[in-house]
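Q: The structure's right below; bear with me while I get my questions together.
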Amino acid sequence: SQSRGLFTVYDAAGLALAAGDLDDVERWLIDRTRYPKPGPAAKPTPPAWAPWVDMFIAEQQAAKRRPGTITTRVKHLLVFARSRPDVTPMTVTRDDLVNYIGSQQWHPRTVHGVRASFRLFFRLLVDLGHRTDDPARTLPAVRIPRSVPRPCPDHVVRAVYASLEDDRLRTAV
């Protein structure tokens, strides 16, 4: 309800904000609004992988990797871990990794990233003495096809060129 520029907001339980101007009401609403993260709820880390993934995250943070890179690398590990609930980081074999990568319909760039994540993770386990062998060390190399050039369309270049008055910019275009 409104009275002389002051607003009173009620919620289902009764009075929630005694009185205030629109700025007070807006702050009150923002403080109480919780937006869910987009997409499906995050799946839990398999228990056998949790301490090793946490260690990997800590190492990647110490190496000052970008948060997005760490998230991607961890996602690669966890998708594999969830697809193979019978294996742990200590029991994974090269065949497990090759069969997993080979069974996916991924673009070569994705396979390249997954392979790199596996190599970093298992090399860390070997370097720290948790494993004696590195199942990812000899994973097959991934050839990434050369990208197709995507030049700017001629009509766009002509329009920009015609709109420029500075000769230096025209020369650059």
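By convention here, the chains of the structure tokens are called A, B, ... in the order presented, each chain's residues are numbered starting at 1, and ligands are numbered starting at 1 in the order presented.
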Write out as CSV a residue-level contact list of segment 23-111 of chain A versus segment 131-134 of chain A with cut-off 9 Å: for each qualifying residue the closest pair of atoms and the distance in Å to one decimal, counting only C-alpha atoms, rows sorted by chain and residue number upward.
A:
residue,atom,partner,partner_atom,distance
A:Pro89,CA,A:Arg131,CA,8.9
A:Met90,CA,A:Arg131,CA,6.7
A:Thr93,CA,A:Asp134,CA,8.5
A:Arg94,CA,A:Asp134,CA,8.1
Q: So which bits of chain A end up strand (DSSP E) when you DSSP the backbone, as number ranges by chain?
A: A: 2-3, 6-11, 14-20
Q: Write the residues of the preceding selection, restricted to N, CA and C atoms, as a compact mmCIF listing (two decimals), in the first residue's frame.
A:
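Result file is again.txt:
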# COMPACT_ATOMS: atom_id res chain seq x y z
N GLN A 2 0.32 2.41 -0.37
CA GLN A 2 1.09 3.64 -0.47
C GLN A 2 0.39 4.75 0.31
N SER A 3 1.21 5.53 1.02
CA SER A 3 0.69 6.67 1.75
C SER A 3 1.73 7.77 1.78
N LEU A 6 5.36 7.04 0.93
CA LEU A 6 5.93 5.92 1.66
C LEU A 6 5.17 4.66 1.28
N PHE A 7 5.89 3.58 1.16
CA PHE A 7 5.28 2.32 0.75
C PHE A 7 5.40 1.31 1.88
N THR A 8 4.39 0.51 2.03
CA THR A 8 4.39 -0.59 2.98
C THR A 8 4.27 -1.88 2.19
N VAL A 9 5.18 -2.80 2.43
CA VAL A 9 5.20 -4.05 1.68
C VAL A 9 4.84 -5.17 2.63
N TYR A 10 3.94 -6.03 2.17
CA TYR A 10 3.51 -7.19 2.94
C TYR A 10 3.92 -8.45 2.21
N ASP A 11 4.32 -9.44 2.97
CA ASP A 11 4.58 -10.74 2.35
C ASP A 11 3.53 -11.72 2.85
N GLY A 14 2.80 -11.67 6.56
CA GLY A 14 2.34 -10.44 7.20
C GLY A 14 3.24 -9.27 6.81
N LEU A 15 3.41 -8.34 7.72
CA LEU A 15 4.21 -7.15 7.46
C LEU A 15 5.68 -7.52 7.31
N ALA A 16 6.29 -7.09 6.19
CA ALA A 16 7.69 -7.41 5.95
C ALA A 16 8.56 -6.16 6.02
N LEU A 17 8.08 -5.06 5.48
CA LEU A 17 8.81 -3.80 5.51
C LEU A 17 7.81 -2.76 5.98
N ALA A 18 8.06 -2.16 7.12
CA ALA A 18 7.07 -1.24 7.70
C ALA A 18 6.73 -0.12 6.75
N ALA A 19 7.69 0.71 6.39
CA ALA A 19 7.41 1.80 5.47
C ALA A 19 8.72 2.32 4.93
N GLY A 20 8.69 2.77 3.70
CA GLY A 20 9.90 3.32 3.10
C GLY A 20 9.58 3.86 1.72
Q: From a backbone DSSP assignment, name each residue in chain A labelled alpha helix (DSSP H), as number ranges by chain.
A: A: 22-32, 50-62, 67-83, 94-102, 108-127, 154-163, 167-172
Q: For a quick check of understanding, using only C-alpha atoms, which of A:Asp23, A:Glu165, A:Glu59, A:Asp31 has the smallest distance to Asp127 of chain A?
A: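 Selected residue with least distance to Asp127 of chain A: A:Glu59.
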Q: Determine, counting only C-alpha atoms, which protein, DNA and RNA residues have an atom within 9 Å of an atom of Tyr100 of chain A; residues of the same chain fewer than 6 positions away are not included. Present the result as a list in words.
A: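 Answer for this query is Phe80, Ser83 and Arg84 of chain A.
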Q: Go ahead and compute the interatomic distance for atom CA of Gln61 of chain A and atom CA of Pro44 of chain A, in Å to one decimal.
A: 20.7 Å
Q: Quick one, how far is atom CA of Leu139 of chain A from atom CA of Val98 of chain A?
A: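 Computing it gives 6.9 Å between the two atoms.
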Q: Give me the residues within 12 Å of Asp86 of chain A as a list in words, counting only C-alpha atoms and dropping any in the same chain fewer than 5 places off.
A: Pro46, Pro47, Ala48, Trp49, Phe80, Ala81, Thr91, Val92, Thr93 and Asp96 of chain A
Q: Go ahead and save the picked residues with N, CA, C and O atoms, as a tab-separated table (two decimals), in the first residue's frame.
A:
chain	number	residue	atom	x	y	z
A	46	PRO	N	32.23	-37.64	-7.43
A	46	PRO	CA	32.28	-39.00	-6.88
A	46	PRO	C	33.24	-39.04	-5.69
A	46	PRO	O	34.34	-38.49	-5.76
A	47	PRO	N	32.84	-39.66	-4.59
A	47	PRO	CA	33.65	-39.63	-3.36
A	47	PRO	C	35.09	-40.09	-3.56
A	47	PRO	O	36.01	-39.53	-2.96
A	48	ALA	N	35.31	-41.10	-4.40
A	48	ALA	CA	36.67	-41.61	-4.60
A	48	ALA	C	37.55	-40.60	-5.33
A	48	ALA	O	38.78	-40.67	-5.27
A	49	TRP	N	36.93	-39.65	-6.01
A	49	TRP	CA	37.69	-38.64	-6.78
A	49	TRP	C	37.84	-37.33	-6.02
A	49	TRP	O	38.72	-36.52	-6.36
A	80	PHE	N	34.35	-37.79	-16.91
A	80	PHE	CA	34.95	-39.12	-17.04
A	80	PHE	C	34.67	-39.95	-15.80
A	80	PHE	O	34.25	-41.11	-15.89
A	81	ALA	N	34.89	-39.38	-14.61
A	81	ALA	CA	34.69	-40.11	-13.36
A	81	ALA	C	33.25	-40.61	-13.22
A	81	ALA	O	33.02	-41.75	-12.78
A	91	THR	N	43.20	-46.26	-9.99
A	91	THR	CA	43.03	-47.50	-10.76
A	91	THR	C	42.79	-47.25	-12.24
A	91	THR	O	42.68	-48.21	-13.00
A	92	VAL	N	42.72	-46.00	-12.67
A	92	VAL	CA	42.50	-45.70	-14.08
A	92	VAL	C	43.66	-46.24	-14.90
A	92	VAL	O	44.83	-46.09	-14.53
A	93	THR	N	43.33	-46.85	-16.03
A	93	THR	CA	44.36	-47.34	-16.94
A	93	THR	C	44.33	-46.53	-18.23
A	93	THR	O	43.38	-45.80	-18.50
A	96	ASP	N	41.32	-47.36	-20.21
A	96	ASP	CA	40.11	-46.66	-19.76
A	96	ASP	C	40.01	-45.30	-20.44
A	96	ASP	O	38.95	-44.91	-20.94
Q: Using Å and a single decimal, report how far atom CA of Leu125 of chain A sits from atom CA of Val53 of chain A.
A: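 Between atom CA of Val53 of chain A and atom CA of Leu125 of chain A the gap is 10.5 Å.
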Q: Which residue gives the smallest distance to Leu97 of chain A among A:Pro36, A:Pro140, A:Pro151, A:Pro145, with only C-alpha atoms counted?
A: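 Among the listed residues, A:Pro140 lies closest to Leu97 of chain A.
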Q: Within 12 Å of Ala162 of chain A, counting only C-alpha atoms, which residues show up once you throw out same-chain ones fewer than 6 positions away? Write them as a ChimeraX atom specification, please.
A: /A:155-156,169-171,173
Q: Write a file of the selected residues as a PDB file, in the first residue's frame, keeping all heavy atoms.
A:
ATOM      1  N   HIS A 155      30.870  -6.309 -48.773  1.00  0.00           N
ATOM      2  CA  HIS A 155      29.943  -5.180 -48.643  1.00  0.00           C
ATOM      3  C   HIS A 155      30.134  -4.444 -47.307  1.00  0.00           C
ATOM      4  O   HIS A 155      29.952  -3.240 -47.213  1.00  0.00           O
ATOM      5  CB  HIS A 155      28.484  -5.634 -48.829  1.00  0.00           C
ATOM      6  CG  HIS A 155      27.944  -6.460 -47.689  1.00  0.00           C
ATOM      7  ND1 HIS A 155      28.188  -7.811 -47.571  1.00  0.00           N
ATOM      8  CD2 HIS A 155      27.199  -6.106 -46.625  1.00  0.00           C
ATOM      9  CE1 HIS A 155      27.602  -8.271 -46.478  1.00  0.00           C
ATOM     10  NE2 HIS A 155      26.988  -7.254 -45.877  1.00  0.00           N
ATOM     11  N   VAL A 156      30.550  -5.156 -46.269  1.00  0.00           N
ATOM     12  CA  VAL A 156      30.798  -4.517 -44.971  1.00  0.00           C
ATOM     13  C   VAL A 156      32.063  -3.665 -45.049  1.00  0.00           C
ATOM     14  O   VAL A 156      32.082  -2.522 -44.565  1.00  0.00           O
ATOM     15  CB  VAL A 156      30.903  -5.575 -43.851  1.00  0.00           C
ATOM     16  CG1 VAL A 156      31.315  -4.939 -42.529  1.00  0.00           C
ATOM     17  CG2 VAL A 156      29.601  -6.337 -43.699  1.00  0.00           C
ATOM     18  N   LEU A 169      42.706   6.112 -41.307  1.00  0.00           N
ATOM     19  CA  LEU A 169      41.815   4.977 -41.053  1.00  0.00           C
ATOM     20  C   LEU A 169      41.440   4.271 -42.350  1.00  0.00           C
ATOM     21  O   LEU A 169      41.325   3.062 -42.393  1.00  0.00           O
ATOM     22  CB  LEU A 169      40.557   5.462 -40.322  1.00  0.00           C
ATOM     23  CG  LEU A 169      40.758   5.926 -38.889  1.00  0.00           C
ATOM     24  CD1 LEU A 169      39.460   6.450 -38.304  1.00  0.00           C
ATOM     25  CD2 LEU A 169      41.318   4.817 -38.020  1.00  0.00           C
ATOM     26  N   ARG A 170      41.254   5.045 -43.418  1.00  0.00           N
ATOM     27  CA  ARG A 170      40.927   4.444 -44.719  1.00  0.00           C
ATOM     28  C   ARG A 170      42.087   3.542 -45.163  1.00  0.00           C
ATOM     29  O   ARG A 170      41.851   2.454 -45.684  1.00  0.00           O
ATOM     30  CB  ARG A 170      40.670   5.510 -45.776  1.00  0.00           C
ATOM     31  CG  ARG A 170      39.361   6.226 -45.560  1.00  0.00           C
ATOM     32  CD  ARG A 170      39.162   7.286 -46.610  1.00  0.00           C
ATOM     33  NE  ARG A 170      37.829   7.057 -47.109  1.00  0.00           N
ATOM     34  CZ  ARG A 170      37.411   7.380 -48.302  1.00  0.00           C
ATOM     35  NH1 ARG A 170      38.206   7.977 -49.149  1.00  0.00           N
ATOM     36  NH2 ARG A 170      36.174   7.140 -48.652  1.00  0.00           N
ATOM     37  N   THR A 171      43.311   4.006 -44.933  1.00  0.00           N
ATOM     38  CA  THR A 171      44.472   3.208 -45.296  1.00  0.00           C
ATOM     39  C   THR A 171      44.496   1.922 -44.464  1.00  0.00           C
ATOM     40  O   THR A 171      44.802   0.838 -44.994  1.00  0.00           O
ATOM     41  CB  THR A 171      45.778   4.013 -45.071  1.00  0.00           C
ATOM     42  OG1 THR A 171      45.716   5.200 -45.874  1.00  0.00           O
ATOM     43  CG2 THR A 171      46.993   3.195 -45.440  1.00  0.00           C
ATOM     44  N   VAL A 173      41.939   0.340 -43.192  1.00  0.00           N
ATOM     45  CA  VAL A 173      40.868  -0.565 -43.670  1.00  0.00           C
ATOM     46  C   VAL A 173      41.270  -1.153 -45.001  1.00  0.00           C
ATOM     47  O   VAL A 173      41.115  -2.319 -45.280  1.00  0.00           O
ATOM     48  CB  VAL A 173      39.514   0.174 -43.759  1.00  0.00           C
ATOM     49  CG1 VAL A 173      38.464  -0.687 -44.455  1.00  0.00           C
ATOM     50  CG2 VAL A 173      39.038   0.554 -42.384  1.00  0.00           C
TER      51      VAL A 173
END
Q: May I ask which of the residues A:Ala172, A:Val87, A:Val74, A:Val148 is the closest one to Thr45 of chain A, counting only C-alpha atoms?
A: A:Val74
